[in-house]
file data.txt (compact mmCIF, C-alpha atoms)
# COMPACT_ATOMS: atom_id res chain seq x y z
CA MET V 1 -76.87 -5.82 6.40
CA LYS V 2 -78.51 -3.42 3.97
CA PHE V 3 -79.93 -0.32 5.59
CA LYS V 4 -82.86 1.72 4.37
CA GLU V 5 -82.64 5.47 4.24
CA SER V 6 -84.62 7.57 6.71
CA ARG V 7 -85.20 5.10 9.58
CA PRO V 8 -82.35 5.32 12.10
CA ILE V 9 -79.90 2.44 11.81
CA TYR V 10 -80.04 1.66 15.53
CA LEU V 11 -83.78 0.99 15.25
CA GLN V 12 -83.32 -1.11 12.11
CA ILE V 13 -80.84 -3.21 14.05
CA ALA V 14 -83.35 -3.44 16.93
CA ASP V 15 -85.91 -4.75 14.42
CA ARG V 16 -83.43 -7.33 13.24
CA ILE V 17 -82.79 -8.54 16.79
CA CYS V 18 -86.54 -8.63 17.48
CA ASP V 19 -87.00 -10.78 14.37
CA GLU V 20 -84.31 -13.12 15.63
CA ILE V 21 -85.97 -13.35 19.04
CA ARG V 22 -89.35 -14.07 17.39
CA GLN V 23 -87.72 -16.77 15.26
CA GLY V 24 -86.15 -18.35 18.33
CA VAL V 25 -82.52 -17.65 17.32
CA TYR V 26 -82.16 -16.19 20.82
CA PRO V 27 -84.50 -17.95 23.27
CA GLU V 28 -85.99 -16.17 26.28
CA ASP V 29 -83.41 -15.95 29.07
CA GLY V 30 -80.78 -16.86 26.46
CA ARG V 31 -77.70 -14.72 25.94
CA ILE V 32 -77.48 -12.44 22.90
CA PRO V 33 -74.12 -11.46 21.34
CA SER V 34 -72.07 -8.73 23.01
CA VAL V 35 -72.14 -5.19 21.61
CA ARG V 36 -68.86 -5.72 19.78
CA GLU V 37 -69.88 -9.10 18.39
CA TYR V 38 -73.14 -7.67 17.08
CA ALA V 39 -71.38 -4.60 15.65
CA ALA V 40 -69.15 -6.96 13.67
CA ILE V 41 -72.12 -9.01 12.47
CA VAL V 42 -73.95 -5.99 11.03
CA GLU V 43 -70.71 -4.09 10.24
CA VAL V 44 -71.53 -0.92 12.13
CA ASN V 45 -69.95 1.25 14.77
CA ALA V 46 -70.17 -0.25 18.27
CA ASN V 47 -71.82 2.93 19.61
CA THR V 48 -74.74 2.34 17.26
CA VAL V 49 -75.27 -1.11 18.78
CA VAL V 50 -74.97 0.41 22.27
CA ARG V 51 -77.95 2.61 21.35
CA THR V 52 -79.82 -0.41 20.00
CA TYR V 53 -79.26 -2.35 23.23
CA ASP V 54 -80.24 0.69 25.34
CA TRP V 55 -83.45 0.97 23.39
CA LEU V 56 -84.20 -2.77 23.65
CA GLN V 57 -83.54 -2.54 27.38
CA SER V 58 -85.88 0.43 27.76
CA GLN V 59 -88.56 -1.63 25.98
CA GLU V 60 -87.81 -4.51 28.40
CA ILE V 61 -86.98 -6.84 25.52
CA ILE V 62 -83.49 -7.56 26.85
CA TYR V 63 -81.79 -7.17 30.23
CA THR V 64 -78.23 -7.21 31.53
CA ARG V 65 -76.63 -9.53 33.99
CA ARG V 66 -73.67 -7.82 35.47
CA GLY V 67 -70.45 -9.14 33.97
CA LEU V 68 -72.28 -11.73 31.91
CA GLY V 69 -73.80 -9.68 29.12
CA TYR V 70 -77.24 -9.19 27.63
CA PHE V 71 -80.11 -11.67 27.85
CA VAL V 72 -83.55 -11.93 26.30
CA SER V 73 -86.23 -10.95 28.83
CA PRO V 74 -88.86 -13.51 29.76
CA GLY V 75 -91.98 -12.64 27.78
CA ALA V 76 -89.96 -10.78 25.14
CA ARG V 77 -91.63 -12.55 22.21
CA GLU V 78 -95.08 -11.51 23.41
CA LYS V 79 -93.83 -7.98 24.06
CA ILE V 80 -92.40 -7.67 20.53
CA PHE V 81 -95.72 -8.84 19.13
CA THR V 82 -97.60 -6.16 21.13
CA LEU V 83 -95.10 -3.46 20.13
CA ARG V 84 -95.32 -4.35 16.46
CA LYS V 85 -99.10 -4.26 16.55
CA ALA V 86 -98.94 -0.81 18.12
CA THR V 87 -96.52 0.39 15.40
CA PHE V 88 -98.81 -1.03 12.74
CA PHE V 89 -101.79 0.94 14.06
CA ALA V 90 -99.77 4.10 14.64
CA THR V 91 -97.81 4.33 11.38
CA ASP V 92 -98.54 1.66 8.77
CA LEU V 93 -102.31 1.87 8.90
CA PRO V 94 -102.60 5.68 8.56
CA GLU V 95 -100.24 5.46 5.57
CA PHE V 96 -102.44 2.73 4.09
CA PHE V 97 -105.60 4.82 4.62
CA LYS V 98 -103.90 7.77 2.97
CA GLN V 99 -103.16 5.63 -0.09
CA LEU V 100 -106.79 4.42 -0.21
CA ARG V 101 -108.04 8.00 -0.25
CA THR V 102 -105.54 9.15 -2.87
CA LEU V 103 -106.43 6.23 -5.13
CA GLU V 104 -110.16 6.55 -4.30
CA ILE V 105 -110.50 2.92 -3.26
CA PRO V 106 -113.55 2.28 -1.04
CA ILE V 107 -112.77 0.35 2.15
CA SER V 108 -115.55 -2.13 1.25
CA ASP V 109 -113.37 -3.35 -1.68
CA ILE V 110 -110.53 -4.02 0.72
CA VAL V 111 -112.79 -5.81 3.20
CA ARG V 112 -114.12 -8.06 0.40
CA MET V 113 -110.59 -8.87 -0.78
CA TYR V 114 -109.44 -9.57 2.78
CA GLU V 115 -112.31 -12.02 3.33
CA GLU V 116 -111.74 -13.80 0.03
CA LYS V 117 -108.09 -14.51 0.79
CA MET D 1 -57.85 15.23 24.22
CA MET D 2 -55.93 12.55 22.38
CA MET D 3 -54.77 14.43 19.31
CA GLU D 4 -54.55 18.18 18.86
CA VAL D 5 -53.59 19.90 15.64
CA LYS D 6 -52.95 23.50 16.73
CA ASN D 7 -52.75 26.39 14.28
CA VAL D 8 -50.76 24.35 11.81
CA SER D 9 -49.44 25.79 8.56
CA PHE D 10 -47.83 23.49 6.05
CA GLY D 11 -46.79 23.41 2.41
CA TYR D 12 -44.57 21.13 0.37
CA ARG D 13 -41.29 22.66 -0.77
CA GLY D 14 -41.76 25.16 -3.58
CA LYS D 15 -45.50 24.46 -3.70
CA GLN D 16 -48.59 26.28 -2.55
CA THR D 17 -49.58 26.14 1.10
CA VAL D 18 -51.78 23.16 1.95
CA PHE D 19 -52.75 24.23 5.47
CA LYS D 20 -52.95 27.71 6.88
CA ASP D 21 -53.59 28.18 10.60
CA PHE D 22 -55.44 24.86 10.70
CA SER D 23 -56.74 23.34 13.95
CA LEU D 24 -58.50 20.09 14.79
CA SER D 25 -58.94 17.95 17.93
CA LEU D 26 -59.71 14.25 18.15
CA GLU D 27 -60.75 12.19 21.13
CA GLU D 28 -60.41 8.49 21.92
CA GLY D 29 -63.26 6.02 21.63
CA SER D 30 -64.35 7.13 18.18
CA VAL D 31 -64.08 6.11 14.56
CA TYR D 32 -63.46 9.31 12.60
CA GLY D 33 -64.24 9.73 8.93
CA LEU D 34 -61.99 12.36 7.34
CA LEU D 35 -63.55 13.78 4.19
CA GLY D 36 -62.46 16.48 1.78
CA LYS D 37 -62.20 17.11 -1.92
CA ASN D 38 -59.17 15.92 -3.89
CA GLY D 39 -56.07 17.91 -3.09
CA THR D 40 -57.41 19.51 0.09
CA GLY D 41 -54.75 17.88 2.24
CA LYS D 42 -56.33 14.79 3.78
CA SER D 43 -53.25 12.61 3.34
CA THR D 44 -50.97 15.49 4.32
CA LEU D 45 -52.97 15.93 7.54
CA LEU D 46 -52.61 12.21 8.33
CA TYR D 47 -48.83 12.42 7.80
CA LEU D 48 -48.65 15.50 10.03
CA MET D 49 -50.59 13.63 12.72
CA THR D 50 -48.22 10.68 12.67
CA GLY D 51 -45.02 12.71 12.75
CA LEU D 52 -44.04 11.98 9.16
CA LEU D 53 -44.16 15.67 8.18
CA ARG D 54 -43.17 18.72 10.17
CA PRO D 55 -45.53 21.71 10.27
CA ARG D 56 -44.03 25.06 9.18
CA GLN D 57 -45.92 26.72 11.98
CA GLY D 58 -48.01 25.46 14.86
CA GLU D 59 -47.77 22.00 16.39
CA VAL D 60 -49.38 18.60 16.47
CA LEU D 61 -49.74 17.06 19.92
CA TYR D 62 -50.48 13.45 20.82
CA LYS D 63 -51.48 13.28 24.49
CA GLY D 64 -49.75 16.60 24.97
CA VAL D 65 -46.45 15.56 23.33
CA ASN D 66 -45.31 17.06 20.02
CA VAL D 67 -45.45 14.17 17.54
CA PHE D 68 -42.60 15.50 15.43
CA LEU D 69 -40.23 14.81 18.34
CA ARG D 70 -40.93 11.23 17.25
CA ARG D 71 -40.51 9.88 20.76
CA PRO D 72 -40.67 6.09 20.95
CA GLU D 73 -43.53 6.27 23.48
CA THR D 74 -45.50 8.37 20.98
CA LEU D 75 -44.72 6.40 17.84
CA SER D 76 -45.36 3.05 19.54
CA GLN D 77 -48.94 4.25 20.15
CA MET D 78 -49.79 5.06 16.53
CA PHE D 79 -49.90 3.25 13.23
CA ILE D 80 -50.61 4.54 9.73
CA VAL D 81 -51.72 2.56 6.70
CA PRO D 82 -50.95 4.86 3.75
CA GLU D 83 -52.85 4.63 0.49
CA GLU D 84 -49.83 3.21 -1.30
CA PHE D 85 -46.90 1.38 0.24
CA THR D 86 -44.30 -1.25 -0.56
CA LEU D 87 -43.73 -4.25 1.64
CA PRO D 88 -40.45 -6.15 1.95
CA LYS D 89 -40.28 -9.50 0.14
CA VAL D 90 -40.48 -11.62 3.29
CA SER D 91 -43.02 -13.95 4.80
CA LEU D 92 -45.73 -12.46 6.99
CA LYS D 93 -44.28 -14.32 9.97
CA GLN D 94 -40.85 -12.73 9.41
CA PHE D 95 -42.44 -9.32 8.93
CA VAL D 96 -44.34 -9.69 12.19
CA SER D 97 -41.33 -10.82 14.21
CA LEU D 98 -39.23 -7.93 12.82
CA ASN D 99 -41.82 -5.22 13.46
CA ARG D 100 -43.80 -6.27 16.51
CA PRO D 101 -41.11 -5.21 19.05
CA PHE D 102 -41.98 -1.58 18.22
CA TYR D 103 -45.55 -2.06 19.43
CA PRO D 104 -45.83 -3.09 23.08
CA ARG D 105 -49.55 -3.92 22.87
CA PHE D 106 -49.18 -6.17 19.80
CA SER D 107 -51.77 -8.95 19.87
CA ASP D 108 -51.34 -12.34 18.15
CA GLU D 109 -54.98 -13.01 18.78
CA LEU D 110 -56.03 -9.86 16.90
CA LEU D 111 -53.72 -10.76 14.02
CA ARG D 112 -55.21 -14.23 13.75
CA SER D 113 -58.80 -13.04 13.94
CA CYS D 114 -58.17 -10.30 11.32
CA LEU D 115 -56.54 -12.71 8.91
CA ARG D 116 -59.42 -15.10 9.46
CA ASP D 117 -61.98 -12.34 8.80
CA PHE D 118 -60.18 -11.51 5.54
CA ASP D 119 -59.98 -15.18 4.50
CA MET D 120 -56.19 -15.18 4.61
CA ASN D 121 -53.80 -17.53 6.36
CA GLU D 122 -50.70 -16.91 8.42
CA ASP D 123 -48.30 -18.58 6.01
CA ILE D 124 -48.47 -15.96 3.27
CA HIS D 125 -45.40 -14.38 1.68
CA LEU D 126 -45.62 -10.60 1.31
CA GLY D 127 -43.68 -10.66 -1.97
CA GLU D 128 -46.24 -12.87 -3.68
CA LEU D 129 -49.45 -10.97 -3.04
CA SER D 130 -51.72 -8.92 -5.28
CA MET D 131 -52.27 -5.26 -4.41
CA GLY D 132 -55.58 -5.92 -2.62
CA GLN D 133 -54.13 -8.84 -0.66
CA LYS D 134 -51.11 -6.76 0.32
CA LYS D 135 -53.42 -4.09 1.61
CA LYS D 136 -55.39 -6.64 3.63
CA ALA D 137 -52.23 -8.20 5.07
CA TYR D 138 -50.88 -4.80 6.08
CA MET D 139 -54.21 -3.80 7.63
CA CYS D 140 -54.18 -7.01 9.66
CA PHE D 141 -50.74 -6.12 10.97
CA ALA D 142 -51.91 -2.54 11.64
CA LEU D 143 -54.89 -3.72 13.69
CA ALA D 144 -52.78 -6.30 15.50
CA THR D 145 -50.31 -3.62 16.67
CA ASN D 146 -53.26 -2.61 18.84
CA THR D 147 -52.07 1.00 18.98
CA GLN D 148 -54.36 3.60 20.49
CA LEU D 149 -54.35 5.60 17.27
CA LEU D 150 -54.88 3.88 13.94
CA VAL D 151 -54.83 5.97 10.79
CA MET D 152 -55.93 4.61 7.42
CA ASP D 153 -55.72 6.52 4.17
CA GLU D 154 -58.29 5.32 1.62
CA PRO D 155 -58.37 1.81 3.14
CA SER D 156 -61.10 0.47 0.87
CA ASN D 157 -59.23 1.35 -2.33
CA GLY D 158 -58.18 -1.79 -4.16
CA LEU D 159 -60.35 -4.08 -2.02
CA ASP D 160 -62.75 -6.37 -3.86
CA ILE D 161 -66.47 -6.39 -3.03
CA PRO D 162 -66.47 -9.04 -0.25
CA SER D 163 -63.32 -7.52 1.28
CA LYS D 164 -65.06 -4.18 1.79
CA SER D 165 -67.63 -5.85 3.98
CA GLN D 166 -64.89 -7.84 5.75
CA PHE D 167 -63.04 -4.58 6.31
CA ARG D 168 -66.06 -3.08 8.10
CA ARG D 169 -66.34 -6.17 10.27
CA VAL D 170 -62.65 -6.08 11.15
CA VAL D 171 -62.73 -2.41 12.17
CA ALA D 172 -66.03 -2.77 14.05
CA SER D 173 -64.73 -5.67 16.11
CA GLY D 174 -61.21 -4.24 16.65
CA MET D 175 -62.51 -1.01 18.17
CA SER D 176 -62.41 -0.26 21.90
CA GLU D 177 -62.95 2.65 24.28
CA ASP D 178 -59.31 3.70 24.50
CA LYS D 179 -58.69 3.73 20.76
CA ALA D 180 -59.29 6.18 17.96
CA VAL D 181 -59.43 5.22 14.30
CA ILE D 182 -59.17 7.81 11.55
CA ILE D 183 -60.26 6.78 8.08
CA SER D 184 -59.87 9.13 5.15
CA THR D 185 -61.93 8.24 2.14
CA HIS D 186 -63.88 9.22 -0.94
CA GLN D 187 -65.79 5.94 -0.90
CA VAL D 188 -68.32 7.16 1.64
CA ARG D 189 -70.66 4.24 1.09
CA ASP D 190 -67.93 1.78 2.06
CA ILE D 191 -67.62 3.14 5.55
CA ASP D 192 -70.54 5.37 6.55
CA SER D 193 -72.10 2.86 8.98
CA LEU D 194 -68.73 2.47 10.73
CA LEU D 195 -68.24 6.08 11.67
CA ASP D 196 -69.28 7.83 14.82
CA HIS D 197 -67.62 11.11 13.96
CA VAL D 198 -67.39 13.09 10.74
CA VAL D 199 -64.63 15.58 9.92
CA ILE D 200 -64.82 17.58 6.69
CA ILE D 201 -61.84 19.76 5.83
CA ASP D 202 -60.82 22.14 3.09
CA GLY D 203 -57.21 23.27 3.46
CA SER D 204 -57.41 26.17 5.81
CA ARG D 205 -60.58 25.24 7.64
CA THR D 206 -62.35 22.43 9.41
CA LEU D 207 -65.79 22.75 7.83
CA LEU D 208 -67.39 20.20 10.13
CA ASN D 209 -66.22 18.16 13.11
CA ARG D 210 -69.23 16.54 14.76
CA SER D 211 -70.35 13.21 16.15
CA VAL D 212 -72.88 11.29 14.06
CA SER D 213 -75.39 11.45 16.92
CA ASP D 214 -74.96 15.23 17.05
CA ILE D 215 -75.47 15.48 13.29
CA CYS D 216 -78.57 13.29 13.33
CA SER D 217 -80.11 15.20 16.23
CA ARG D 218 -79.75 18.48 14.31
CA LEU D 219 -80.29 17.36 10.73
CA CYS D 220 -82.84 15.11 9.08
CA PHE D 221 -81.96 13.26 5.85
CA ASP D 222 -84.87 12.30 3.65
CA GLU D 223 -86.01 11.36 0.17
CA VAL D 224 -89.05 13.21 -1.15
CA SER D 225 -90.82 13.59 -4.47
CA SER D 226 -90.23 16.94 -6.14
CA GLY D 227 -93.78 18.11 -5.35
CA GLU D 228 -93.22 17.66 -1.61
CA LEU D 229 -90.53 20.32 -1.18
CA THR D 230 -91.54 22.78 1.53
CA GLY D 231 -88.88 25.46 1.26
CA ASP D 232 -87.44 24.61 4.70
CA GLU D 233 -84.75 22.41 3.15
CA LEU D 234 -81.15 23.30 3.93
CA PHE D 235 -79.94 21.40 0.89
CA THR D 236 -81.50 19.44 -1.95
CA GLN D 237 -80.04 17.18 -4.59
CA PRO D 238 -81.86 15.29 -7.36
CA SER D 239 -82.12 11.54 -6.79
CA VAL D 240 -83.99 8.53 -8.19
CA HIS D 241 -86.86 9.17 -5.77
CA GLY D 242 -87.12 12.84 -6.69
CA GLN D 243 -85.00 14.85 -4.30
CA SER D 244 -82.58 13.96 -1.51
CA VAL D 245 -83.02 16.63 1.12
CA ILE D 246 -81.50 17.81 4.38
CA LEU D 247 -83.94 19.45 6.75
CA PRO D 248 -83.37 20.94 10.18
CA ASN D 249 -84.39 18.24 12.67
CA ARG D 250 -87.07 19.69 14.88
CA LEU D 251 -87.05 18.73 18.54
CA GLY D 252 -88.70 15.47 19.41
CA GLU D 253 -88.78 14.16 15.88
CA GLU D 254 -87.45 10.70 15.17
CA GLU D 255 -83.93 10.64 13.87
CA SER D 256 -83.06 9.66 10.33
CA THR D 257 -80.03 7.78 9.05
CA LEU D 258 -76.98 9.83 8.15
CA ASN D 259 -76.53 10.26 4.39
CA LEU D 260 -72.82 11.01 4.30
CA GLU D 261 -72.66 11.83 0.61
CA LEU D 262 -75.48 14.35 0.93
CA LEU D 263 -73.94 15.89 4.06
CA PHE D 264 -70.58 16.20 2.32
CA ASN D 265 -72.06 17.93 -0.72
CA ALA D 266 -74.13 20.24 1.46
CA THR D 267 -71.16 21.16 3.65
CA LEU D 268 -68.99 21.99 0.64
CA ALA D 269 -71.75 23.98 -1.05
CA HIS D 270 -72.94 25.91 2.03
CA PRO D 271 -70.39 25.62 4.85
CA GLU D 272 -71.80 28.61 6.77
CA LYS D 273 -75.38 27.40 6.57
CA ILE D 274 -74.46 23.96 7.91
CA ALA D 275 -72.20 25.40 10.63
CA GLN D 276 -75.04 27.69 11.69
CA VAL D 277 -77.33 24.72 12.42
CA PHE D 278 -74.86 23.45 15.03
CA ASN D 279 -74.25 26.84 16.61
CA ASP D 280 -77.88 27.61 17.39
call {"tool": "encode", "arguments": {"input": "data.txt", "output": "structure tokens"}}
result
Amino acid sequence: MKFKESRPIYLQIADRICDEIRQGVYPEDGRIPSVREYAAIVEVNANTVVRTYDWLQSQEIIYTRRGLGYFVSPGAREKIFTLRKATFFATDLPEFFKQLRTLEIPISDIVRMYEEK
Amino acid sequence: MMMEVKNVSFGYRGKQTVFKDFSLSLEEGSVYGLLGKNGTGKSTLLYLMTGLLRPRQGEVLYKGVNVFLRRPETLSQMFIVPEEFTLPKVSLKQFVSLNRPFYPRFSDELLRSCLRDFDMNEDIHLGELSMGQKKKAYMCFALATNTQLLVMDEPSNGLDIPSKSQFRRVVASGMSEDKAVIISTHQVRDIDSLLDHVVIIDGSRTLLNRSVSDICSRLCFDEVSSGELTGDELFTQPSVHGQSVILPNRLGEEESTLNLELLFNATLAHPEKIAQVFND
């Protein structure tokens, strides 16, 4: 796995797992790989994956079954979709607006292009 | 504390001192990256830790026992893969049956899975391997000994491109809570995602000995264009994007990803400034 600078690796791994859940690699209520298995897949320290799983758990995307491992929460796909939309509005869109202003592009141009597509 | 290097002084016969009153402690459950410039004593430190060299002054303790006593119960719990080594001209199977009795926790399963991860089979002959293959075979044995302390000096040297990624996989999956792995290297990009602890040394001093999570909570690594410099940077270095910078990480800000090369350069250039950030 190739990591980008700046964004923490544990969140990049969380994104990767979310993608896999969205794509149905891990179905809802299906088991996901153990921390060590996933650390080997992405070639990182196991503690990094522990943080990823903690984060995913706090977002209620995965849950643990004692002694059995980690499972995809029911409704996880919908949850990921909602989370991603929120991130888009909170970070991607402001960045996009900033670019529009710097390049002096009126929003009406963008609206027209969006409707033509 | 698993390993304690206490006030150690050391120098090779007739040569300058390598370590002077040097101390360092390591705990289990971590993958340590040991970094330092050429000739600052990384390999020497690894040999001192594994009882291969005797300190002139001070002592090295493994679980409270002086390693230079070379007690079987100490040595059976540690394994070192030096940068260069020669292997006997025997088959891997013979090598394993001769050497495994020294390591009570030896695991056939680990050996098999490591060999598999490195695309090697169990029927190899150690006398007929290339340098890179020899290194991989020896690392497989090292991991299979399942010792609590595993020390590797420049492990990615001589490995081809796919093997470097296989190496990361092997170490990531062989790690457990009761183990410590120490990797010394100059090839920071080969291993940075594997580490959870960074140690930077220069002869007499430990310049930095911090967990990656500690480092990332105190420091922020970023790429900015040259016009965006604010003056708050602790360290800057030209890069393709403009400047690679280290900033103090203000509370509540999202963490960045550790840039080991940048941290290493910053620590060597301004050891006091970097140390200060962690003392506040």
call {"tool": "residues_around", "arguments": {"input": "data.txt", "residues": "range 45-52 of chain V", "least_positions_apart": "5", "cutoff": "10 Å", "atoms": "all atoms listed in the file", "output": "count of residues only"}}
result
38
call {"tool": "atom_distance", "arguments": {"input": "data.txt", "atom1": "CA of Thr185 in chain D", "atom2": "CA of Phe10 in chain D"}}
result
21.1 Å
call {"tool": "residues_around", "arguments": {"input": "data.txt", "residues": "Leu208 in chain D", "least_positions_apart": "2", "cutoff": "12 Å", "atoms": "all atoms listed in the file", "output": "ChimeraX atom specification"}}
result
/D:23-25,32-36,197-202,205-206,210-212,214-215,263-264,266-268,270-279
call {"tool": "residues_around", "arguments": {"input": "data.txt", "residues": "range 91-107 of chain D", "least_positions_apart": "2", "cutoff": "6 Å", "atoms": "only C-alpha atoms", "output": "JSON list (two decimals) with C-alpha atoms, in the frame of the given file"}}
result
[["chain", "number", "residue", "atom", "x", "y", "z"],
["D", 76, "SER", "CA", -45.36, 3.05, 19.54],
["D", 109, "GLU", "CA", -54.98, -13.01, 18.78],
["D", 110, "LEU", "CA", -56.03, -9.86, 16.90],
["D", 124, "ILE", "CA", -48.47, -15.96, 3.27],
["D", 125, "HIS", "CA", -45.40, -14.38, 1.68],
["D", 126, "LEU", "CA", -45.62, -10.60, 1.31],
["D", 144, "ALA", "CA", -52.78, -6.30, 15.50],
["D", 145, "THR", "CA", -50.31, -3.62, 16.67],
["D", 146, "ASN", "CA", -53.26, -2.61, 18.84]]
call {"tool": "axis_aligned_box", "arguments": {"input": "data.txt", "around": "range 84-100 of chain V", "padding_each_side": "6 Å", "output": "lines of an AutoDock Vina configuration file"}}
result
center_x = -101.1
center_y = 1.7
center_z = 9.0
size_x = 23.5
size_y = 24.1
size_z = 30.3
call {"tool": "residues_around", "arguments": {"input": "data.txt", "residues": "Leu48 in chain D", "least_positions_apart": "6", "cutoff": "8 Å", "atoms": "all atoms listed in the file", "output": "PDB file with C-alpha atoms, in the coordinates of the input"}}
result
ATOM      1  CA  ARG D  54     -43.170  18.720  10.170  1.00  0.00           C
ATOM      2  CA  PRO D  55     -45.530  21.710  10.270  1.00  0.00           C
ATOM      3  CA  VAL D  60     -49.380  18.600  16.470  1.00  0.00           C
TER       4      VAL D  60
END
call {"tool": "atom_distance", "arguments": {"input": "data.txt", "atom1": "CA of Glu254 in chain D", "atom2": "CA of Glu20 in chain V"}}
result
24.0 Å
call {"tool": "atom_distance", "arguments": {"input": "data.txt", "atom1": "CA of Arg66 in chain V", "atom2": "CA of Lys79 in chain V"}}
result
23.2 Å
call {"tool": "decode", "arguments": {"input": "data.txt", "residues": "range 69-82 of chain D", "atoms": "N, CA and C atoms", "output": "PDB file, in the first residue's frame"}}
result
ATOM      1  N   LEU D  69      27.438 -12.004  30.498  1.00  0.00           N
ATOM      2  CA  LEU D  69      27.607 -13.287  31.184  1.00  0.00           C
ATOM      3  C   LEU D  69      27.269 -14.426  30.228  1.00  0.00           C
ATOM      4  N   ARG D  70      26.556 -14.061  29.149  1.00  0.00           N
ATOM      5  CA  ARG D  70      26.174 -15.012  28.097  1.00  0.00           C
ATOM      6  C   ARG D  70      25.526 -16.272  28.672  1.00  0.00           C
ATOM      7  N   ARG D  71      24.593 -16.054  29.576  1.00  0.00           N
ATOM      8  CA  ARG D  71      23.872 -17.198  30.151  1.00  0.00           C
ATOM      9  C   ARG D  71      22.969 -17.804  29.082  1.00  0.00           C
ATOM     10  N   PRO D  72      22.858 -19.123  29.083  1.00  0.00           N
ATOM     11  CA  PRO D  72      21.995 -19.776  28.087  1.00  0.00           C
ATOM     12  C   PRO D  72      20.582 -19.217  28.099  1.00  0.00           C
ATOM     13  N   GLU D  73      20.022 -18.945  29.305  1.00  0.00           N
ATOM     14  CA  GLU D  73      18.641 -18.451  29.353  1.00  0.00           C
ATOM     15  C   GLU D  73      18.540 -17.040  28.768  1.00  0.00           C
ATOM     16  N   THR D  74      19.637 -16.304  28.723  1.00  0.00           N
ATOM     17  CA  THR D  74      19.619 -14.990  28.080  1.00  0.00           C
ATOM     18  C   THR D  74      19.771 -15.153  26.565  1.00  0.00           C
ATOM     19  N   LEU D  75      20.804 -15.897  26.175  1.00  0.00           N
ATOM     20  CA  LEU D  75      21.101 -16.015  24.739  1.00  0.00           C
ATOM     21  C   LEU D  75      20.010 -16.765  23.979  1.00  0.00           C
ATOM     22  N   SER D  76      19.283 -17.654  24.658  1.00  0.00           N
ATOM     23  CA  SER D  76      18.221 -18.382  23.962  1.00  0.00           C
ATOM     24  C   SER D  76      17.010 -17.484  23.718  1.00  0.00           C
ATOM     25  N   GLN D  77      17.025 -16.280  24.310  1.00  0.00           N
ATOM     26  CA  GLN D  77      15.915 -15.347  24.124  1.00  0.00           C
ATOM     27  C   GLN D  77      16.239 -14.220  23.150  1.00  0.00           C
ATOM     28  N   MET D  78      17.420 -14.274  22.512  1.00  0.00           N
ATOM     29  CA  MET D  78      17.749 -13.216  21.560  1.00  0.00           C
ATOM     30  C   MET D  78      18.394 -13.779  20.304  1.00  0.00           C
ATOM     31  N   PHE D  79      18.173 -13.066  19.200  1.00  0.00           N
ATOM     32  CA  PHE D  79      18.775 -13.494  17.945  1.00  0.00           C
ATOM     33  C   PHE D  79      19.196 -12.249  17.168  1.00  0.00           C
ATOM     34  N   ILE D  80      20.394 -12.302  16.577  1.00  0.00           N
ATOM     35  CA  ILE D  80      20.847 -11.162  15.787  1.00  0.00           C
ATOM     36  C   ILE D  80      21.119 -11.594  14.345  1.00  0.00           C
ATOM     37  N   VAL D  81      20.627 -10.787  13.410  1.00  0.00           N
ATOM     38  CA  VAL D  81      20.948 -10.962  11.998  1.00  0.00           C
ATOM     39  C   VAL D  81      21.908  -9.832  11.634  1.00  0.00           C
ATOM     40  N   PRO D  82      23.220 -10.132  11.559  1.00  0.00           N
ATOM     41  CA  PRO D  82      24.174  -9.066  11.255  1.00  0.00           C
ATOM     42  C   PRO D  82      24.048  -8.636   9.792  1.00  0.00           C
TER      43      PRO D  82
END
